[in-house]
$ cat entry39.cif   # mmCIF, C-alpha atoms
data_query
#
loop_
_atom_site.group_PDB
_atom_site.id
_atom_site.type_symbol
_atom_site.label_atom_id
_atom_site.label_comp_id
_atom_site.auth_asym_id
_atom_site.auth_seq_id
_atom_site.Cartn_x
_atom_site.Cartn_y
_atom_site.Cartn_z
ATOM 1 C CA MET B 1 7.480 -70.309 -23.621
ATOM 2 C CA PRO B 2 10.895 -68.592 -23.756
ATOM 3 C CA ARG B 3 9.316 -65.742 -25.734
ATOM 4 C CA ARG B 4 6.686 -65.255 -23.017
ATOM 5 C CA ARG B 5 9.359 -65.201 -20.352
ATOM 6 C CA CYS B 6 11.364 -62.668 -22.327
ATOM 7 C CA LEU B 7 8.259 -60.545 -22.819
ATOM 8 C CA THR B 8 7.414 -60.762 -19.109
ATOM 9 C CA LEU B 9 10.953 -59.839 -18.108
ATOM 10 C CA ALA B 10 10.920 -56.956 -20.571
ATOM 11 C CA LEU B 11 7.665 -55.636 -19.133
ATOM 12 C CA LEU B 12 8.968 -55.966 -15.586
ATOM 13 C CA PHE B 13 12.198 -54.225 -16.518
ATOM 14 C CA SER B 14 10.351 -51.393 -18.278
ATOM 15 C CA GLY B 15 8.047 -51.052 -15.279
ATOM 16 C CA MET B 16 11.014 -50.820 -12.938
ATOM 17 C CA LEU B 17 12.603 -48.162 -15.144
ATOM 18 C CA LEU B 18 9.341 -46.208 -15.245
ATOM 19 C CA GLY B 19 8.966 -46.461 -11.482
ATOM 20 C CA ARG B 20 12.530 -45.236 -10.995
ATOM 21 C CA ALA B 21 11.905 -42.363 -13.398
ATOM 22 C CA LEU B 22 8.765 -41.341 -11.507
ATOM 23 C CA LEU B 23 10.602 -41.618 -8.218
ATOM 24 C CA ALA B 24 13.428 -39.494 -9.623
ATOM 25 C CA ASP B 25 10.903 -36.848 -10.716
ATOM 26 C CA ASP B 26 9.372 -36.846 -7.247
ATOM 27 C CA GLN B 27 12.794 -36.521 -5.664
ATOM 28 C CA ALA B 28 13.593 -33.557 -7.904
ATOM 29 C CA ILE B 29 10.386 -31.834 -6.811
ATOM 30 C CA TRP B 30 11.085 -32.616 -3.161
ATOM 31 C CA ARG B 31 14.556 -31.105 -3.535
ATOM 32 C CA GLU B 32 13.080 -27.935 -5.024
ATOM 33 C CA TYR B 33 10.574 -27.687 -2.205
ATOM 34 C CA GLY B 34 13.349 -28.083 0.370
ATOM 35 C CA LEU B 35 12.615 -31.441 1.981
ATOM 36 C CA VAL B 36 14.842 -31.963 5.039
ATOM 37 C CA GLU B 37 13.583 -35.235 6.486
ATOM 38 C CA THR B 38 10.665 -37.681 6.403
ATOM 39 C CA GLN B 39 9.216 -39.620 9.341
ATOM 40 C CA THR B 40 6.534 -42.335 9.365
ATOM 41 C CA ALA B 41 4.763 -43.665 12.462
ATOM 42 C CA ASN B 42 1.704 -45.806 13.187
ATOM 43 C CA GLN B 43 -0.992 -44.738 15.636
ATOM 44 C CA GLY B 44 -3.426 -47.603 15.763
ATOM 45 C CA LYS B 45 -5.118 -47.709 12.374
ATOM 46 C CA LEU B 46 -3.623 -44.376 11.362
ATOM 47 C CA THR B 47 -0.326 -43.994 9.535
ATOM 48 C CA VAL B 48 1.221 -40.565 10.050
ATOM 49 C CA THR B 49 3.879 -39.355 7.617
ATOM 50 C CA ARG B 50 5.729 -36.163 8.571
ATOM 51 C CA TYR B 51 7.645 -34.022 6.092
ATOM 52 C CA ARG B 52 9.967 -31.338 7.475
ATOM 53 C CA MET B 53 10.722 -28.595 4.968
ATOM 54 C CA LYS B 54 13.232 -25.755 5.063
ATOM 55 C CA ASP B 55 10.611 -23.017 5.299
ATOM 56 C CA THR B 56 6.895 -22.276 5.193
ATOM 57 C CA THR B 57 6.935 -21.725 1.427
ATOM 58 C CA GLY B 58 8.190 -25.260 0.806
ATOM 59 C CA ALA B 59 5.592 -26.641 3.225
ATOM 60 C CA LEU B 60 2.811 -24.810 1.391
ATOM 61 C CA ALA B 61 4.050 -26.123 -1.950
ATOM 62 C CA ALA B 62 4.219 -29.695 -0.632
ATOM 63 C CA TRP B 63 0.752 -29.413 0.912
ATOM 64 C CA GLU B 64 -0.760 -28.249 -2.372
ATOM 65 C CA TRP B 65 1.029 -31.065 -4.183
ATOM 66 C CA LEU B 66 -0.002 -33.852 -1.781
ATOM 67 C CA ARG B 67 -3.682 -32.937 -1.433
ATOM 68 C CA ALA B 68 -6.189 -34.732 -3.634
ATOM 69 C CA ARG B 69 -8.167 -32.974 -6.334
ATOM 70 C CA ASP B 70 -11.475 -34.173 -4.860
ATOM 71 C CA ALA B 71 -10.580 -33.217 -1.281
ATOM 72 C CA HIS B 72 -12.450 -30.677 0.789
ATOM 73 C CA ALA B 73 -11.217 -28.143 3.312
ATOM 74 C CA CYS B 74 -11.229 -29.042 7.002
ATOM 75 C CA THR B 75 -10.702 -27.117 10.225
ATOM 76 C CA LEU B 76 -8.094 -29.323 11.889
ATOM 77 C CA ALA B 77 -5.242 -26.919 11.041
ATOM 78 C CA ALA B 78 -4.532 -23.655 9.279
ATOM 79 C CA LEU B 79 -3.958 -25.553 6.013
ATOM 80 C CA CYS B 80 -6.059 -28.702 5.977
ATOM 81 C CA SER B 81 -7.362 -30.899 3.178
ATOM 82 C CA GLN B 82 -9.309 -34.102 3.658
ATOM 83 C CA ASP B 83 -10.705 -36.798 1.400
ATOM 84 C CA ALA B 84 -12.000 -40.317 1.945
ATOM 85 C CA ASN B 85 -8.532 -41.814 2.400
ATOM 86 C CA ARG B 86 -6.163 -39.112 3.594
ATOM 87 C CA THR B 87 -5.949 -35.957 5.639
ATOM 88 C CA VAL B 88 -3.161 -33.545 4.705
ATOM 89 C CA VAL B 89 -2.340 -30.673 7.068
ATOM 90 C CA SER B 90 0.444 -28.111 7.140
ATOM 91 C CA ASP B 91 1.725 -25.896 9.927
ATOM 92 C CA PHE B 92 4.897 -23.818 10.002
ATOM 93 C CA ASN B 93 7.501 -25.748 7.958
ATOM 94 C CA TRP B 94 5.878 -29.183 8.450
ATOM 95 C CA VAL B 95 3.425 -31.205 6.362
ATOM 96 C CA LEU B 96 1.573 -34.143 7.930
ATOM 97 C CA VAL B 97 -0.316 -36.860 6.037
ATOM 98 C CA PHE B 98 -2.774 -39.045 7.982
ATOM 99 C CA ALA B 99 -3.720 -42.213 6.089
ATOM 100 C CA GLY B 100 -5.901 -45.167 7.011
ATOM 101 C CA GLY B 101 -8.717 -43.178 8.595
ATOM 102 C CA ARG B 102 -9.772 -39.738 9.697
ATOM 103 C CA PRO B 103 -7.904 -38.276 12.678
ATOM 104 C CA THR B 104 -9.624 -36.360 15.421
ATOM 105 C CA ALA B 105 -8.886 -32.759 16.272
ATOM 106 C CA ALA B 106 -7.083 -33.881 19.442
ATOM 107 C CA GLN B 107 -4.801 -36.218 17.478
ATOM 108 C CA VAL B 108 -3.886 -33.536 14.944
ATOM 109 C CA SER B 109 -3.295 -30.969 17.690
ATOM 110 C CA ALA B 110 -1.053 -33.371 19.614
ATOM 111 C CA GLU B 111 0.971 -34.120 16.484
ATOM 112 C CA LEU B 112 1.414 -30.450 15.643
ATOM 113 C CA GLN B 113 2.447 -29.528 19.174
ATOM 114 C CA ALA B 114 5.048 -32.307 19.279
ATOM 115 C CA LEU B 115 6.788 -31.182 16.065
ATOM 116 C CA PRO B 116 10.378 -30.023 16.657
ATOM 117 C CA GLU B 117 12.362 -27.284 14.897
ATOM 118 C CA LYS B 118 9.430 -25.177 13.785
ATOM 119 C CA HIS B 119 10.238 -22.202 11.568
ATOM 120 C CA ASP B 120 7.640 -19.579 10.758
ATOM 121 C CA SER B 121 7.802 -17.204 7.798
ATOM 122 C CA SER B 122 5.433 -15.339 5.539
ATOM 123 C CA LEU B 123 3.590 -17.120 2.760
ATOM 124 C CA PRO B 124 4.454 -16.386 -0.895
ATOM 125 C CA ALA B 125 3.197 -13.012 -2.061
ATOM 126 C CA VAL B 126 2.111 -14.383 -5.435
ATOM 127 C CA LEU B 127 -0.848 -16.100 -3.759
ATOM 128 C CA THR B 128 -2.396 -12.728 -2.896
ATOM 129 C CA TYR B 129 -2.603 -11.801 -6.597
ATOM 130 C CA LEU B 130 -4.130 -15.072 -7.775
ATOM 131 C CA PRO B 131 -7.725 -14.485 -8.994
ATOM 132 C CA VAL B 132 -10.318 -16.165 -6.802
ATOM 133 C CA GLN B 133 -13.361 -15.985 -9.069
ATOM 134 C CA ASP B 134 -14.132 -19.292 -10.869
ATOM 135 C CA LEU B 135 -11.083 -20.971 -9.305
ATOM 136 C CA VAL B 136 -11.260 -24.774 -9.400
ATOM 137 C CA PRO B 137 -10.826 -26.072 -5.819
ATOM 138 C CA ASN B 138 -7.522 -27.826 -5.039
ATOM 139 C CA SER B 139 -6.118 -27.004 -8.487
ATOM 140 C CA GLY B 140 -3.387 -24.666 -7.260
ATOM 141 C CA ARG B 141 0.191 -25.873 -7.509
ATOM 142 C CA TYR B 142 3.197 -23.863 -6.391
ATOM 143 C CA VAL B 143 6.251 -23.771 -8.644
ATOM 144 C CA LEU B 144 9.760 -23.243 -7.299
ATOM 145 C CA GLY B 145 11.916 -24.504 -10.155
ATOM 146 C CA PRO B 146 12.094 -26.377 -13.457
ATOM 147 C CA ALA B 147 11.131 -29.749 -11.962
ATOM 148 C CA SER B 148 7.837 -28.527 -10.500
ATOM 149 C CA LEU B 149 7.173 -26.427 -13.620
ATOM 150 C CA HIS B 150 7.618 -29.517 -15.812
ATOM 151 C CA GLU B 151 5.379 -31.544 -13.510
ATOM 152 C CA PHE B 152 2.462 -29.093 -13.277
ATOM 153 C CA ALA B 153 2.769 -27.261 -16.611
ATOM 154 C CA PRO B 154 4.697 -29.421 -19.101
ATOM 155 C CA GLU B 155 3.560 -27.092 -21.896
ATOM 156 C CA LEU B 156 5.853 -24.431 -20.402
ATOM 157 C CA ALA B 157 8.825 -26.695 -19.686
ATOM 158 C CA ALA B 158 10.803 -25.268 -22.624
ATOM 159 C CA ILE B 159 10.313 -21.684 -21.407
ATOM 160 C CA ASN B 160 13.134 -20.071 -19.444
ATOM 161 C CA ALA B 161 11.096 -18.770 -16.524
ATOM 162 C CA ASP B 162 14.219 -17.733 -14.539
ATOM 163 C CA LEU B 163 12.831 -19.050 -11.261
ATOM 164 C CA ALA B 164 16.309 -19.464 -9.796
ATOM 165 C CA ASN B 165 16.763 -15.689 -9.435
ATOM 166 C CA GLY B 166 13.956 -14.956 -7.028
ATOM 167 C CA GLY B 167 11.026 -15.784 -9.298
ATOM 168 C CA GLU B 168 8.041 -17.791 -8.133
ATOM 169 C CA ALA B 169 4.888 -19.058 -9.801
ATOM 170 C CA GLN B 170 1.480 -20.523 -9.103
ATOM 171 C CA ILE B 171 -0.421 -22.791 -11.480
ATOM 172 C CA ALA B 172 -4.206 -22.957 -11.163
ATOM 173 C CA GLU B 173 -7.309 -23.897 -13.148
ATOM 174 C CA TYR B 174 -10.435 -21.803 -13.749
ATOM 175 C CA ARG B 175 -13.823 -22.947 -14.986
ATOM 176 C CA LEU B 176 -15.153 -19.872 -16.773
ATOM 177 C CA ASP B 177 -17.949 -21.771 -18.459
ATOM 178 C CA LYS B 178 -19.602 -25.025 -17.453
ATOM 179 C CA LYS B 179 -19.757 -26.134 -21.079
ATOM 180 C CA THR B 180 -16.040 -25.733 -21.783
ATOM 181 C CA ALA B 181 -12.901 -27.218 -20.292
ATOM 182 C CA PRO B 182 -11.122 -25.357 -17.491
ATOM 183 C CA VAL B 183 -8.549 -22.745 -18.434
ATOM 184 C CA ARG B 184 -5.124 -23.082 -16.825
ATOM 185 C CA LEU B 185 -3.336 -19.985 -15.589
ATOM 186 C CA ALA B 186 0.363 -19.600 -14.795
ATOM 187 C CA LEU B 187 1.102 -16.566 -12.653
ATOM 188 C CA PHE B 188 4.774 -15.609 -12.282
ATOM 189 C CA GLU B 189 6.099 -12.995 -9.874
ATOM 190 C CA TYR B 190 9.580 -11.503 -10.230
ATOM 191 C CA ALA B 191 11.716 -9.345 -7.979
ATOM 192 C CA THR B 192 11.668 -6.238 -10.197
ATOM 193 C CA PRO B 193 9.449 -4.866 -12.981
ATOM 194 C CA GLU B 194 12.454 -4.965 -15.324
ATOM 195 C CA MET B 195 12.734 -8.754 -14.939
ATOM 196 C CA ALA B 196 8.997 -9.119 -15.545
ATOM 197 C CA ARG B 197 9.219 -6.898 -18.635
ATOM 198 C CA ARG B 198 12.109 -8.910 -20.063
ATOM 199 C CA HIS B 199 10.368 -12.263 -19.569
ATOM 200 C CA THR B 200 7.120 -10.896 -20.997
ATOM 201 C CA ALA B 201 8.920 -10.003 -24.224
ATOM 202 C CA GLN B 202 10.311 -13.540 -24.416
ATOM 203 C CA LEU B 203 6.985 -15.214 -23.695
ATOM 204 C CA GLN B 204 5.154 -13.170 -26.296
ATOM 205 C CA LYS B 205 7.320 -14.821 -28.944
ATOM 206 C CA THR B 206 5.956 -18.242 -27.979
ATOM 207 C CA PRO B 207 3.122 -19.334 -30.282
ATOM 208 C CA ASN B 208 -0.396 -19.908 -28.911
ATOM 209 C CA VAL B 209 0.452 -18.292 -25.570
ATOM 210 C CA HIS B 210 -1.536 -15.309 -24.274
ATOM 211 C CA VAL B 211 0.563 -13.128 -21.967
ATOM 212 C CA LYS B 212 -0.162 -10.150 -19.733
ATOM 213 C CA ARG B 213 2.193 -8.170 -17.510
ATOM 214 C CA SER B 214 1.074 -6.118 -14.523
ATOM 215 C CA GLY B 215 3.908 -4.642 -12.485
ATOM 216 C CA VAL B 216 6.118 -7.514 -11.348
ATOM 217 C CA LEU B 217 3.486 -10.097 -12.358
ATOM 218 C CA VAL B 218 3.492 -12.043 -15.604
ATOM 219 C CA ALA B 219 0.330 -14.047 -16.285
ATOM 220 C CA LEU B 220 -0.190 -16.404 -19.184
ATOM 221 C CA ALA B 221 -2.934 -18.779 -20.233
ATOM 222 C CA ILE B 222 -1.539 -22.248 -20.791
ATOM 223 C CA PRO B 223 -2.441 -23.716 -24.198
ATOM 224 C CA PRO B 224 -4.843 -24.844 -25.457
ATOM 225 C CA ALA B 225 -6.908 -21.839 -24.386
ATOM 226 C CA ASP B 226 -8.905 -19.709 -26.802
ATOM 227 C CA SER B 227 -8.402 -15.966 -27.043
ATOM 228 C CA LYS B 228 -11.718 -15.021 -25.455
ATOM 229 C CA ALA B 229 -11.297 -17.143 -22.330
ATOM 230 C CA SER B 230 -7.653 -16.093 -22.024
ATOM 231 C CA ASP B 231 -8.522 -12.391 -22.214
ATOM 232 C CA VAL B 232 -11.220 -12.773 -19.558
ATOM 233 C CA LEU B 233 -8.934 -14.629 -17.193
ATOM 234 C CA LEU B 234 -5.862 -12.455 -17.746
ATOM 235 C CA GLY B 235 -7.963 -9.336 -17.228
ATOM 236 C CA ARG B 236 -8.504 -10.369 -13.613
ATOM 237 C CA VAL B 237 -4.799 -10.244 -12.807
ATOM 238 C CA GLN B 238 -3.940 -6.886 -11.292
ATOM 239 C CA TYR B 239 -0.814 -5.905 -9.409
ATOM 240 C CA THR B 240 -1.015 -3.490 -6.507
ATOM 241 C CA ALA B 241 2.263 -2.277 -5.069
ATOM 242 C CA LYS B 242 2.677 -2.765 -1.319
ATOM 243 C CA ILE B 243 5.293 -0.713 0.524
ATOM 244 C CA THR B 244 6.620 -1.828 3.880
ATOM 245 C CA TRP B 245 8.369 0.927 5.856
ATOM 246 C CA ASN B 246 10.789 -0.505 8.389
ATOM 247 C CA ASP B 247 12.386 2.734 9.655
ATOM 248 C CA THR B 248 11.332 4.118 13.022
ATOM 249 C CA PRO B 249 9.008 7.108 12.483
ATOM 250 C CA PRO B 250 10.091 10.441 14.005
ATOM 251 C CA PRO B 251 8.580 11.283 17.398
ATOM 252 C CA SER B 252 5.592 13.564 17.552
ATOM 253 C CA PRO B 253 6.505 17.227 18.315
ATOM 254 C CA ILE B 254 3.458 17.594 20.579
ATOM 255 C CA LYS B 255 4.762 15.249 23.236
ATOM 256 C CA PRO B 256 8.064 17.139 23.852
ATOM 257 C CA LEU B 257 6.181 20.449 24.053
ATOM 258 C CA TYR B 258 3.726 18.972 26.510
ATOM 259 C CA GLN B 259 6.568 17.613 28.617
ATOM 260 C CA LEU B 260 8.315 21.028 28.512
ATOM 261 C CA LEU B 261 5.166 22.744 29.729
ATOM 262 C CA LEU B 262 4.830 20.283 32.590
ATOM 263 C CA ASN B 263 8.462 20.832 33.565
ATOM 264 C CA ILE B 264 7.943 24.616 33.625
ATOM 265 C CA ILE B 265 4.902 24.237 35.860
ATOM 266 C CA TYR B 266 6.768 21.879 38.212
ATOM 267 C CA LEU B 267 9.755 24.262 38.411
ATOM 268 C CA SER B 268 7.501 27.256 39.060
ATOM 269 C CA VAL B 269 5.726 25.449 41.899
ATOM 270 C CA ILE B 270 9.040 24.385 43.446
ATOM 271 C CA LEU B 271 10.492 27.913 43.240
ATOM 272 C CA GLY B 272 7.295 29.403 44.697
ATOM 273 C CA CYS B 273 7.411 26.956 47.590
ATOM 274 C CA LEU B 274 11.072 27.758 48.226
ATOM 275 C CA CYS B 275 10.317 31.502 48.250
ATOM 276 C CA VAL B 276 7.450 31.063 50.704
ATOM 277 C CA ILE B 277 9.571 28.875 52.990
ATOM 278 C CA ALA B 278 12.461 31.358 52.831
ATOM 279 C CA GLY B 279 10.100 34.252 53.653
ATOM 280 C CA LEU B 280 8.595 32.380 56.593
ATOM 281 C CA ILE B 281 12.060 31.534 57.954
ATOM 282 C CA TYR B 282 13.212 35.144 57.655
ATOM 283 C CA ALA B 283 10.045 36.486 59.292
ATOM 284 C CA GLY B 284 10.341 33.954 62.091
ATOM 285 C CA MET B 285 13.937 34.976 62.766
ATOM 286 C CA ARG B 286 13.062 38.688 63.055
ATOM 287 C CA ILE B 287 10.115 37.983 65.322
ATOM 288 C CA TYR B 288 12.309 35.842 67.522
ATOM 289 C CA ARG B 289 15.044 38.493 67.786
ATOM 290 C CA ARG B 290 12.578 41.287 68.504
ATOM 291 C CA ARG B 291 10.823 39.335 71.247
ATOM 292 C CA TYR B 292 13.971 38.287 73.022
ATOM 293 C CA GLY B 293 15.777 41.636 72.632
ATOM 294 C CA THR B 294 18.520 40.628 70.301
ATOM 295 C CA LEU B 295 17.356 42.944 67.533
ATOM 296 C CA GLU B 296 19.724 45.958 67.320
ATOM 297 C CA ALA B 297 18.575 49.547 66.941
ATOM 298 C CA ASP B 298 19.735 49.997 63.363
ATOM 299 C CA GLU B 299 17.863 46.836 62.413
ATOM 300 C CA ALA B 300 14.611 48.022 63.970
ATOM 301 C CA MET B 301 11.714 48.732 61.723
ATOM 302 C CA THR B 302 10.631 52.362 61.481
ATOM 303 C CA THR B 303 6.899 52.667 61.702
ATOM 304 C CA LEU B 304 5.155 55.789 60.418
ATOM 305 C CA HIS B 305 2.020 56.562 62.428
ATOM 306 C CA LEU B 306 -0.014 58.104 59.660
ATOM 307 C CA THR B 307 -3.359 57.591 61.302
ATOM 308 C CA GLU B 308 -5.222 60.514 62.898
#
$ encode --input "entry39.cif" --output "structure tokens"
Amino acid sequence: MPRRRCLTLALLFSGMLLGRALLADDQAIWREYGLVETQTANQGKLTVTRYRMKDTTGALAAWEWLRARDAHACTLAALCSQDANRTVVSDFNWVLVFAGGRPTAAQVSAELQALPEKHDSSLPAVLTYLPVQDLVPNSGRYVLGPASLHEFAPELAAINADLANGGEAQIAEYRLDKKTAPVRLALFEYATPEMARRHTAQLQKTPNVHVKRSGVLVALAIPPADSKASDVLLGRVQYTAKITWNDTPPPSPIKPLYQLLLNIIYLSVILGCLCVIAGLIYAGMRIYRRRYGTLEADEAMTTLHLTE
């Protein structure tokens, strides 16, 4: 009997340690994603859990992490995933989880409109370079640091991905063939091509890892992936440079010339009108003086009678 009690206590203690370890891992991921606060409220049968993140990138990462693998897309929000038990939506820097039933569109809209301290920003650029063909639904996971990299790609945990200096990554699965297991892809994006080139040289030294660099992108097939499937998948990763010009463009030279021409026409019309008015005033004055006899002899007009 004492042995059974000791065994039971040992199992309970090991379970508590495991639960604390898992909770610590979750907390590390939440810290990387930028969790600010968590709120839980009950609405009838529904339990609504709200997660406020620092920015939209953290909200996207949390939404991808919280959604179920067997979930399907829904139209209740811009980012919406729904399964039999939960509905996970994301908007701005918030992530909402509805559990205990399926919410209506009115309930989701009311919750989103009541959210305070909304911050909008652009989504991560690495998502635009992720191949779409043969992508396994709901397999994408966003990586912001070593904790999320260890959680979603433990095979790469020993690699120095240098995510703290502006790097970001997306982990996803691709089913290239129905007969084989899905191939996992890790797509890293760095701030400069030099950083991508340096990390590519380091990753190529890792055994059983297939690596490809394209611009600032570094793609690798996570082991175990054969060479053929890795080459097919890595061949779909292509980087296209996008330039954003923030300076104000110079004004068009046609508009100033057009305005100058209009000003010349307006000035000519005004001067012509002034000349006509001045001529009429002068003519009126002479007619008035001639009629009322105030016009002197030397001011009289000499008329030449040249007719027959």
$ atom_distance --input "entry39.cif" --atom1 "atom CA of Ala172 of chain B" --atom2 "atom CA of Arg102 of chain B"
27.3 Å
$ residues_around --input "entry39.cif" --residues "segment 163-165 of chain B" --least-positions-apart "4" --cutoff "10 Å" --atoms "all atoms listed in the file" --output "ChimeraX atom specification"
/B:143-146,149,169,188-191,195
$ write_last_selection --input "entry39.cif" --atoms "C-alpha atoms" --output "PDB file, keeping the file's coordinate frame"
ATOM      1  CA  VAL B 143       6.251 -23.771  -8.644  1.00  0.00           C
ATOM      2  CA  LEU B 144       9.760 -23.243  -7.299  1.00  0.00           C
ATOM      3  CA  GLY B 145      11.916 -24.504 -10.155  1.00  0.00           C
ATOM      4  CA  PRO B 146      12.094 -26.377 -13.457  1.00  0.00           C
ATOM      5  CA  LEU B 149       7.173 -26.427 -13.620  1.00  0.00           C
ATOM      6  CA  ALA B 169       4.888 -19.058  -9.801  1.00  0.00           C
ATOM      7  CA  PHE B 188       4.774 -15.609 -12.282  1.00  0.00           C
ATOM      8  CA  GLU B 189       6.099 -12.995  -9.874  1.00  0.00           C
ATOM      9  CA  TYR B 190       9.580 -11.503 -10.230  1.00  0.00           C
ATOM     10  CA  ALA B 191      11.716  -9.345  -7.979  1.00  0.00           C
ATOM     11  CA  MET B 195      12.734  -8.754 -14.939  1.00  0.00           C
TER      12      MET B 195
END
$ closest_residue --input "entry39.cif" --among "B:Val269, B:Ala201, B:Gly44, B:Gln133" --to "Val237 of chain B" --atoms "only C-alpha atoms"
B:Gln133
$ closest_residue --input "entry39.cif" --among "B:Val97, B:Ile29, B:Ala153, B:Ile281" --to "Pro224 of chain B" --atoms "only C-alpha atoms"
B:Ala153
$ resolve_selection --input "entry39.cif" --expression "the PyMOL selection byres ((chain B and resi 209-211) around 10)" --output "list of chain:residue names"
B:Leu156, B:Ala186, B:Leu187, B:Thr200, B:Ala201, B:Leu203, B:Gln204, B:Lys205, B:Thr206, B:Pro207, B:Asn208, B:Lys212, B:Arg213, B:Val218, B:Ala219, B:Leu220, B:Ala221, B:Ile222, B:Pro223, B:Pro224, B:Ala225, B:Asp226, B:Ser227, B:Ser230, B:Asp231, B:Leu234
$ residues_around --input "entry39.cif" --residues "Trp30 of chain B" --least-positions-apart "5" --cutoff "10 Å" --atoms "all atoms listed in the file" --output "number ranges by chain"
B: 24-25, 35-36, 51, 53, 58, 61-62, 147-148
$ atom_distance --input "entry39.cif" --atom1 "atom CA of Glu64 of chain B" --atom2 "atom CA of Gly140 of chain B"
6.6 Å
$ residues_around --input "entry39.cif" --residues "Asn85 of chain B" --least-positions-apart "5" --cutoff "9 Å" --atoms "all atoms listed in the file" --output "PDB file with C-alpha atoms, in the frame of the given file"
ATOM      1  CA  PHE B  98      -2.774 -39.045   7.982  1.00  0.00           C
ATOM      2  CA  ALA B  99      -3.720 -42.213   6.089  1.00  0.00           C
ATOM      3  CA  GLY B 100      -5.901 -45.167   7.011  1.00  0.00           C
ATOM      4  CA  GLY B 101      -8.717 -43.178   8.595  1.00  0.00           C
ATOM      5  CA  ARG B 102      -9.772 -39.738   9.697  1.00  0.00           C
TER       6      ARG B 102
END
$ resolve_selection --input "entry39.cif" --expression "the PyMOL selection byres ((chain B and resi 134) around 8)" --output "list of chain:residue names"
B:Val132, B:Gln133, B:Leu135, B:Val136, B:Tyr174, B:Arg175, B:Leu176
$ closest_residue --input "entry39.cif" --among "B:Gly272, B:Pro193, B:Gly166, B:Gly235" --to "Leu130 of chain B" --atoms "all atoms listed in the file"
B:Gly235
$ residues_near_point --input "entry39.cif" --point "(-3.8, -30.2, 9.4)" --cutoff "8 Å" --atoms "all atoms listed in the file" --output "compact mmCIF listing (two decimals) with C-alpha atoms, in the frame of the given file"
# COMPACT_ATOMS: atom_id res chain seq x y z
CA CYS B 74 -11.23 -29.04 7.00
CA THR B 75 -10.70 -27.12 10.22
CA LEU B 76 -8.09 -29.32 11.89
CA ALA B 77 -5.24 -26.92 11.04
CA ALA B 78 -4.53 -23.66 9.28
CA LEU B 79 -3.96 -25.55 6.01
CA CYS B 80 -6.06 -28.70 5.98
CA SER B 81 -7.36 -30.90 3.18
CA THR B 87 -5.95 -35.96 5.64
CA VAL B 88 -3.16 -33.54 4.70
CA VAL B 89 -2.34 -30.67 7.07
CA SER B 90 0.44 -28.11 7.14
CA ASP B 91 1.72 -25.90 9.93
CA VAL B 95 3.42 -31.20 6.36
CA LEU B 96 1.57 -34.14 7.93
CA VAL B 108 -3.89 -33.54 14.94
$ closest_residue --input "entry39.cif" --among "B:Ala181, B:Ala106, B:Ile159, B:Leu115" --to "Phe92 of chain B" --atoms "only C-alpha atoms"
B:Leu115
$ atom_distance --input "entry39.cif" --atom1 "atom CA of Asn138 of chain B" --atom2 "atom CA of Thr192 of chain B"
29.3 Å
$ decode --input "entry39.cif" --residues "segment 46-66 of chain B" --atoms "C-alpha atoms" --output "PDB file, in the first residue's frame"
ATOM      1  CA  LEU B  46     -20.697  31.007 -25.094  1.00  0.00           C
ATOM      2  CA  THR B  47     -17.367  31.669 -23.414  1.00  0.00           C
ATOM      3  CA  VAL B  48     -15.456  34.505 -25.062  1.00  0.00           C
ATOM      4  CA  THR B  49     -11.715  34.805 -24.460  1.00  0.00           C
ATOM      5  CA  ARG B  50     -10.043  37.993 -25.709  1.00  0.00           C
ATOM      6  CA  TYR B  51      -6.308  38.318 -26.298  1.00  0.00           C
ATOM      7  CA  ARG B  52      -4.884  41.810 -26.832  1.00  0.00           C
ATOM      8  CA  MET B  53      -1.540  41.790 -28.620  1.00  0.00           C
ATOM      9  CA  LYS B  54       0.977  44.560 -29.230  1.00  0.00           C
ATOM     10  CA  ASP B  55       0.444  44.657 -32.989  1.00  0.00           C
ATOM     11  CA  THR B  56      -1.282  42.970 -35.912  1.00  0.00           C
ATOM     12  CA  THR B  57       1.660  40.634 -36.526  1.00  0.00           C
ATOM     13  CA  GLY B  58       1.369  39.160 -33.034  1.00  0.00           C
ATOM     14  CA  ALA B  59      -2.399  38.799 -33.468  1.00  0.00           C
ATOM     15  CA  LEU B  60      -1.912  36.931 -36.743  1.00  0.00           C
ATOM     16  CA  ALA B  61       0.642  34.627 -35.133  1.00  0.00           C
ATOM     17  CA  ALA B  62      -1.667  33.908 -32.188  1.00  0.00           C
ATOM     18  CA  TRP B  63      -4.619  33.281 -34.506  1.00  0.00           C
ATOM     19  CA  GLU B  64      -2.650  30.754 -36.546  1.00  0.00           C
ATOM     20  CA  TRP B  65      -1.495  29.081 -33.341  1.00  0.00           C
ATOM     21  CA  LEU B  66      -4.937  28.860 -31.698  1.00  0.00           C
TER      22      LEU B  66
END
